[in-house]
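One structure is given below, encoded as structure tokens.
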Amino acid sequence: MHATPAAPYVHDQVDKVVASAAEAVADVPDGATLLLGGFGVIQGWAASCILALAARAPRALTVVANTPGVGPLSPQVLAERGLVRKLVASFAVYPTQPAPMGDGIKAGRIALELVPQGTLVERVRAGGAGLAAVYTPTGVGTDAARGKEVREIDGRRFVLERAIRGDVAIVRAHRADRHGNLTYRGGSRNFNPTFATAARTTIAEVDEIVEPGGLDPETIVTPGIFVDRVVRTEHPLAPATLLALSRRFGKQWDLEARERAVGPRGIPPDLMARKVARLLRRGEYVNLGTGLPTLVSDHLEAEQAITLHSENGMLGFGPLAGEAATDIHRYNASGQLVTGLPGESFTDSAEAFAMARSGRVTTIVLGGFQVSARGDLANWRVPSTGVGGIGGAMDLAAGAGRVVVMMFHLTRDGRAKLVPACTYPLTAERCVTTVVTDLCVVDVDADGFVLRELAPGVGVDDVRAVTEAPLRVASDVREMEL
């Protein structure tokens with residue numbers, strides 16, 4: 001006698017799809033803490049949910065985000081409506097882009113907690129993992145550690161950072177099924193997968209919703225256990241619009257040699273980038289910071305076998321994409337669209353910073369406002385302006401990698417940037433090994449600055465005249481090899 005086969009087991013999960021963004025955010029209360037995923041330049045915002053939230057107008061919100069972003073579809077709209085009580089972010093006030101969040105901060109209407117980018121995502125990751133806090137080397141000796149416990153572990157100092165959890169997380173993904181499983185595209189993972197784990201209610205805004213089974217399980221990044229509601233976006237942006245945003249807000253600055261009343265004229269930024277590229281060792285993993293360092297990607301040779309790393313979770317990308325760019329999900333830390341290369345991979349920002357802090361990223365190229373004779377770096381705030389954003393530089397500089405600073409030798413008004421001691425807030429202590437400027441290449445050793453190379457047409461006396469700190473000259477000082 002044969003038994004009748006049992007019917008296949010089907011898990012009857014709740015359908016998490018809601019009809020509209022307004023329905024998705026309908027119960028967000030006054031005073032809620034919002035975790036808003038996204039990197040902040042051209043892609044990653046859950047714009048439909050943010051606009052619906054602005055229309056519903058819950059008050060006294062705490063917004064946790066990498067940055068409040070720019071443009072009419074960013075979290076700036078919440079500040080514009082007067083709904084934000086506090087911002088917890090890596091960037092807040094932009095030097096050349098006035099915005100409602102920055103105006104509210106300057107006026108005292110919005111409280112601000114600036115957090116290093118990697119620390120921010122790690123604090124949220126800890127909150128989602130049920131941990132109370134983490135110890136990180138990021139920020140030791142800087143304003144970011146002020147008032148916090150600092151503990152020495154195995155001979156190194158670490159800062160205690162408390163976990164962050166939210167009432168509501170609003171994230172942006174590419175596709176979802178009705179069970180809430182999410183997939184992402186390219187660098188647009190960034191903060192989204194981590195933020196999805198760390199709130200009482202998680203809302204995912206997506207481009208496409210499929211039936212259960214419509215996603216390859218091996219492509220799912222955020223499992224549905226973390227997601228409570230799914231809504232299809234009501235504000236899809238055309239690639240042409242996003243390309244325009246990238247060109248406007250992610251554009252490179254200071255691309256021309258500066259005209260100054262004092263000091264010699266140095267080489268232009270493209271040659272500075274070429275010099276930095278020549279300093280990289282074959283086979284290295286290299287992070288390029290925002291601003292001038294992003295130009296280095298255009299000056300790498302294939303035989304160098306350099307793998308580029310970005311904080312938004314891209315590994316193995318190529319040169320800047322230029323006017324012909326079409327892939328809006330592949331962008332660097334400055335929001336500039338870049339090309340892809342064979343062998344590239346994508347992660348979220350938590351993994352990206354883990355690569356840097358653990359020393360797997362072997363060289364970090366950062367911009368700078370000041371570098372001291374002992375190798376301290378200041379690159380996030382100019383005190384006289386009150387403007388600054390910590391970004392990812394503190395986490396990158398706190399890793400075990402070599403730090404190369406790429407910057408102009410003088411400020412626009414002719415003040416020295418190589419100084420005996422930094423007068424600006426520090427990014428990291430004793431981290432810089434080499435500085436490439438428009439005038440020279442300088443190494444930092446235990447005794448201070450050592451002049452190694454000179455830009456064409458620039459002499460030793462020229463550099464000494466515009467360097468505030470003592471400068472030793474290497475016995476084999478030579479013209480820059482470009």
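Chain lettering (A, B, ...) mirrors the order of the structure tokens, residue numbering begins at 1 for each chain separately, and ligand numbering begins at 1 in order of display.
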Closest contacts (range 76-150 of chain A/range 387-396 of chain A, max 10 Å, only C-alpha atoms) as a Markdown table:
| residue | atom | partner | partner_atom | distance |
| --- | --- | --- | --- | --- |
| A:Ala89 | CA | A:Gly391 | CA | 8.6 |
| A:Ser90 | CA | A:Gly391 | CA | 4.8 |
| A:Phe91 | CA | A:Gly389 | CA | 4.2 |
| A:Ala92 | CA | A:Gly389 | CA | 6.3 |
| A:Val93 | CA | A:Val387 | CA | 5.9 |
| A:Tyr94 | CA | A:Val387 | CA | 6.6 |
| A:Pro95 | CA | A:Val387 | CA | 6.1 |
| A:Thr96 | CA | A:Val387 | CA | 9.8 |
| A:Gly102 | CA | A:Val387 | CA | 9.2 |
| A:Lys106 | CA | A:Val387 | CA | 9.6 |
| A:Leu114 | CA | A:Ile390 | CA | 7.0 |
| A:Val115 | CA | A:Ile390 | CA | 6.8 |
| A:Pro116 | CA | A:Ile390 | CA | 5.5 |
| A:Gln117 | CA | A:Gly392 | CA | 4.6 |
| A:Gly118 | CA | A:Asp395 | CA | 5.7 |
| A:Thr119 | CA | A:Asp395 | CA | 7.2 |
| A:Leu120 | CA | A:Gly392 | CA | 9.6 |
| A:Thr136 | CA | A:Asp395 | CA | 8.9 |
| A:Pro137 | CA | A:Asp395 | CA | 7.9 |
| A:Thr138 | CA | A:Asp395 | CA | 5.1 |
| A:Gly139 | CA | A:Met394 | CA | 6.1 |
| A:Val140 | CA | A:Met394 | CA | 9.2 |
| A:Thr142 | CA | A:Met394 | CA | 9.2 |
| A:Ala144 | CA | A:Ile390 | CA | 9.0 |
Q.
Considering only strand (DSSP E) as DSSP defines it on the backbone, what residues of range 51-170 of chain A qualify? List them as a PyMOL selection string.
A. chain A and resi 61-64+84-89+111-114+133-136+150-153+156-162+166-170
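In this comparison, which uses only C-alpha atoms, the residue of A:Ala333, A:Leu418, A:Met407, A:Val365 approaching Phe449 in chain A most closely is A:Leu418.
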(Q) What's around range 271-285 of chain A at 7 Å? Count only C-alpha atoms, leave out sequence neighbours fewer than 5 positions away in its own chain, and write the answer as a PyMOL selection string. (A) chain A and resi 293+295-296+299-300+304-309+361-363+436-438+482
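Shortest atom-to-atom contact with Leu112 in chain A among A:Gly291, A:Pro470, A:Gly128, A:Pro68: A:Pro68, counting only C-alpha atoms.
Closest to Asp167 in chain A among A:Gly31, A:Gly448, A:Gly335, A:Gly147 is A:Gly31, based on only C-alpha atoms.
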Q. Ala428 in chain A: which residues within 7 Å, counting only C-alpha atoms, same-chain residues fewer than 2 positions away excluded, as a PyMOL selection string?
A. chain A and resi 139+142+376-377+394+397-398+426+430-431
Could those residues be written to a file, using C-alpha atoms, as an mmCIF file, in the first residue's frame?
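Output file out05.cif follows:
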data_model
loop_
_atom_site.group_PDB
_atom_site.id
_atom_site.type_symbol
_atom_site.label_atom_id
_atom_site.label_comp_id
_atom_site.auth_asym_id
_atom_site.auth_seq_id
_atom_site.Cartn_x
_atom_site.Cartn_y
_atom_site.Cartn_z
ATOM 1 C CA GLY A 139 38.670 59.694 15.645
ATOM 2 C CA THR A 142 40.203 64.445 17.328
ATOM 3 C CA ASP A 376 48.773 64.982 11.467
ATOM 4 C CA LEU A 377 46.051 65.640 8.884
ATOM 5 C CA MET A 394 38.662 59.798 9.571
ATOM 6 C CA ALA A 397 43.068 57.539 7.823
ATOM 7 C CA ALA A 398 42.601 55.381 10.927
ATOM 8 C CA LEU A 426 42.285 67.110 13.116
ATOM 9 C CA ARG A 430 50.356 60.955 12.715
ATOM 10 C CA CYS A 431 48.835 59.303 9.650
#
Q: Using only C-alpha atoms, determine which residues lie at most 9 Å from Arg123 in chain A, disregarding the query and same-chain residues fewer than 2 positions distant; provide the list as a PyMOL selection string.
A: chain A and resi 118-121+125-128+132-134+161-165
(Q) Could you go through range 57-189 of chain A and tell me which residues DSSP, when run on the backbone, assigns to alpha helix (DSSP H), listing them as number ranges by chain? (A) A: 76-80, 100-107, 117-128
Those residues you just picked out, can you put them in a file as an mmCIF file, in the first residue's frame with N, CA, C and O atoms?
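Writing done, so here's again02.cif:
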data_model
loop_
_atom_site.group_PDB
_atom_site.id
_atom_site.type_symbol
_atom_site.label_atom_id
_atom_site.label_comp_id
_atom_site.auth_asym_id
_atom_site.auth_seq_id
_atom_site.Cartn_x
_atom_site.Cartn_y
_atom_site.Cartn_z
ATOM 1 N N GLN A 76 16.475 67.227 2.344
ATOM 2 C CA GLN A 76 16.399 68.669 2.548
ATOM 3 C C GLN A 76 14.948 69.152 2.618
ATOM 4 O O GLN A 76 14.648 70.151 3.293
ATOM 5 N N VAL A 77 14.051 68.444 1.938
ATOM 6 C CA VAL A 77 12.658 68.875 1.922
ATOM 7 C C VAL A 77 12.043 68.802 3.324
ATOM 8 O O VAL A 77 11.154 69.588 3.672
ATOM 9 N N LEU A 78 12.522 67.889 4.164
ATOM 10 C CA LEU A 78 12.013 67.783 5.533
ATOM 11 C C LEU A 78 12.421 69.008 6.347
ATOM 12 O O LEU A 78 11.646 69.525 7.156
ATOM 13 N N ALA A 79 13.663 69.465 6.151
ATOM 14 C CA ALA A 79 14.109 70.678 6.837
ATOM 15 C C ALA A 79 13.393 71.905 6.305
ATOM 16 O O ALA A 79 13.063 72.829 7.057
ATOM 17 N N GLU A 80 13.138 71.928 5.005
ATOM 18 C CA GLU A 80 12.436 73.052 4.397
ATOM 19 C C GLU A 80 11.059 73.239 5.010
ATOM 20 O O GLU A 80 10.571 74.367 5.163
ATOM 21 N N PRO A 100 18.315 74.036 3.013
ATOM 22 C CA PRO A 100 17.506 74.239 4.223
ATOM 23 C C PRO A 100 18.103 73.609 5.480
ATOM 24 O O PRO A 100 18.026 74.202 6.559
ATOM 25 N N MET A 101 18.705 72.403 5.378
ATOM 26 C CA MET A 101 19.255 71.766 6.562
ATOM 27 C C MET A 101 20.402 72.613 7.120
ATOM 28 O O MET A 101 20.485 72.848 8.329
ATOM 29 N N GLY A 102 21.288 73.061 6.241
ATOM 30 C CA GLY A 102 22.394 73.898 6.686
ATOM 31 C C GLY A 102 21.920 75.211 7.278
ATOM 32 O O GLY A 102 22.453 75.689 8.290
ATOM 33 N N ASP A 103 20.910 75.817 6.662
ATOM 34 C CA ASP A 103 20.370 77.070 7.184
ATOM 35 C C ASP A 103 19.793 76.862 8.586
ATOM 36 O O ASP A 103 19.980 77.699 9.478
ATOM 37 N N GLY A 104 19.100 75.737 8.784
ATOM 38 C CA GLY A 104 18.518 75.443 10.099
ATOM 39 C C GLY A 104 19.578 75.207 11.157
ATOM 40 O O GLY A 104 19.420 75.606 12.318
ATOM 41 N N ILE A 105 20.675 74.548 10.759
ATOM 42 C CA ILE A 105 21.771 74.306 11.694
ATOM 43 C C ILE A 105 22.426 75.620 12.097
ATOM 44 O O ILE A 105 22.670 75.893 13.283
ATOM 45 N N LYS A 106 22.717 76.473 11.121
ATOM 46 C CA LYS A 106 23.364 77.757 11.411
ATOM 47 C C LYS A 106 22.484 78.653 12.270
ATOM 48 O O LYS A 106 22.983 79.429 13.100
ATOM 49 N N ALA A 107 21.164 78.541 12.090
ATOM 50 C CA ALA A 107 20.239 79.376 12.852
ATOM 51 C C ALA A 107 19.925 78.801 14.226
ATOM 52 O O ALA A 107 19.240 79.448 15.023
ATOM 53 N N GLN A 117 31.936 58.915 8.749
ATOM 54 C CA GLN A 117 31.050 58.106 7.901
ATOM 55 C C GLN A 117 31.082 56.616 8.248
ATOM 56 O O GLN A 117 30.041 55.976 8.386
ATOM 57 N N GLY A 118 32.269 56.063 8.380
ATOM 58 C CA GLY A 118 32.377 54.643 8.716
ATOM 59 C C GLY A 118 31.890 54.338 10.119
ATOM 60 O O GLY A 118 31.334 53.272 10.381
ATOM 61 N N THR A 119 32.111 55.284 11.038
ATOM 62 C CA THR A 119 31.601 55.116 12.399
ATOM 63 C C THR A 119 30.081 55.151 12.406
ATOM 64 O O THR A 119 29.425 54.380 13.122
ATOM 65 N N LEU A 120 29.496 56.038 11.608
ATOM 66 C CA LEU A 120 28.037 56.134 11.539
ATOM 67 C C LEU A 120 27.431 54.819 11.088
ATOM 68 O O LEU A 120 26.516 54.281 11.730
ATOM 69 N N VAL A 121 27.918 54.277 9.988
ATOM 70 C CA VAL A 121 27.331 53.034 9.495
ATOM 71 C C VAL A 121 27.614 51.880 10.450
ATOM 72 O O VAL A 121 26.778 50.975 10.619
ATOM 73 N N GLU A 122 28.762 51.914 11.139
ATOM 74 C CA GLU A 122 29.071 50.840 12.091
ATOM 75 C C GLU A 122 28.204 50.943 13.342
ATOM 76 O O GLU A 122 27.795 49.925 13.907
ATOM 77 N N ARG A 123 27.900 52.151 13.775
ATOM 78 C CA ARG A 123 26.994 52.313 14.918
ATOM 79 C C ARG A 123 25.600 51.797 14.585
ATOM 80 O O ARG A 123 24.930 51.157 15.412
ATOM 81 N N VAL A 124 25.153 52.060 13.361
ATOM 82 C CA VAL A 124 23.837 51.552 12.945
ATOM 83 C C VAL A 124 23.885 50.034 12.769
ATOM 84 O O VAL A 124 22.950 49.327 13.151
ATOM 85 N N ARG A 125 24.987 49.531 12.202
ATOM 86 C CA ARG A 125 25.125 48.075 12.070
ATOM 87 C C ARG A 125 25.060 47.408 13.435
ATOM 88 O O ARG A 125 24.400 46.375 13.623
ATOM 89 N N ALA A 126 25.720 48.007 14.438
ATOM 90 C CA ALA A 126 25.682 47.462 15.791
ATOM 91 C C ALA A 126 24.259 47.483 16.339
ATOM 92 O O ALA A 126 23.806 46.518 16.976
ATOM 93 N N GLY A 127 23.543 48.589 16.090
ATOM 94 C CA GLY A 127 22.164 48.650 16.539
ATOM 95 C C GLY A 127 21.307 47.566 15.923
ATOM 96 O O GLY A 127 20.484 46.932 16.595
ATOM 97 N N GLY A 128 21.510 47.313 14.642
ATOM 98 C CA GLY A 128 20.750 46.253 13.973
ATOM 99 C C GLY A 128 21.143 44.869 14.419
ATOM 100 O O GLY A 128 20.350 43.920 14.296
#
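Atom pair CA of Leu410 in chain A / CA of Val70 in chain A: separated by 29.6 Å.
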Give me, as a Markdown table, each residue of range 187-206 of chain A that comes within 12 Å of range 17-30 of chain A, together with its shortest interatomic pair and the distance in Å at one decimal, counting only C-alpha atoms, with rows ordered by chain and rising residue number.
| residue | atom | partner | partner_atom | distance |
| --- | --- | --- | --- | --- |
| A:Arg200 | CA | A:Val28 | CA | 11.1 |
| A:Thr201 | CA | A:Val28 | CA | 9.4 |
| A:Thr202 | CA | A:Ala24 | CA | 9.7 |
| A:Ile203 | CA | A:Ala24 | CA | 6.9 |
| A:Ala204 | CA | A:Ala24 | CA | 9.0 |
| A:Glu205 | CA | A:Ala21 | CA | 8.1 |
| A:Val206 | CA | A:Val17 | CA | 10.6 |
Kindly save the residues from that selection, with N, CA and C atoms included, as a PDB file, in the first residue's frame.
ATOM      1  N   ARG A 200      12.597  49.791  14.177  1.00  0.00           N
ATOM      2  CA  ARG A 200      11.390  49.019  14.522  1.00  0.00           C
ATOM      3  C   ARG A 200      10.551  48.742  13.279  1.00  0.00           C
ATOM      4  N   THR A 201      10.516  49.696  12.370  1.00  0.00           N
ATOM      5  CA  THR A 201       9.778  49.534  11.116  1.00  0.00           C
ATOM      6  C   THR A 201      10.683  49.940   9.961  1.00  0.00           C
ATOM      7  N   THR A 202      10.819  49.073   8.977  1.00  0.00           N
ATOM      8  CA  THR A 202      11.637  49.376   7.808  1.00  0.00           C
ATOM      9  C   THR A 202      10.752  49.421   6.565  1.00  0.00           C
ATOM     10  N   ILE A 203      10.862  50.520   5.837  1.00  0.00           N
ATOM     11  CA  ILE A 203      10.110  50.734   4.604  1.00  0.00           C
ATOM     12  C   ILE A 203      11.102  50.737   3.452  1.00  0.00           C
ATOM     13  N   ALA A 204      10.834  49.940   2.436  1.00  0.00           N
ATOM     14  CA  ALA A 204      11.699  49.877   1.259  1.00  0.00           C
ATOM     15  C   ALA A 204      10.964  50.429   0.047  1.00  0.00           C
ATOM     16  N   GLU A 205      11.557  51.440  -0.577  1.00  0.00           N
ATOM     17  CA  GLU A 205      11.042  51.977  -1.830  1.00  0.00           C
ATOM     18  C   GLU A 205      11.865  51.382  -2.967  1.00  0.00           C
ATOM     19  N   VAL A 206      11.199  50.819  -3.970  1.00  0.00           N
ATOM     20  CA  VAL A 206      11.895  50.048  -5.001  1.00  0.00           C
ATOM     21  C   VAL A 206      11.407  50.422  -6.392  1.00  0.00           C
TER      22      VAL A 206
END
(Q) With distances taken over only C-alpha atoms, which residue among A:Ala32, A:Ala474, A:Met314, A:Ala400 lies nearest Ala199 in chain A? (A) A:Ala32
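Comparing A:Gly399, A:Arg172, A:Thr62, A:Lys86 by their smallest distance to Arg109 in chain A, the closest is A:Lys86 (using only C-alpha atoms).
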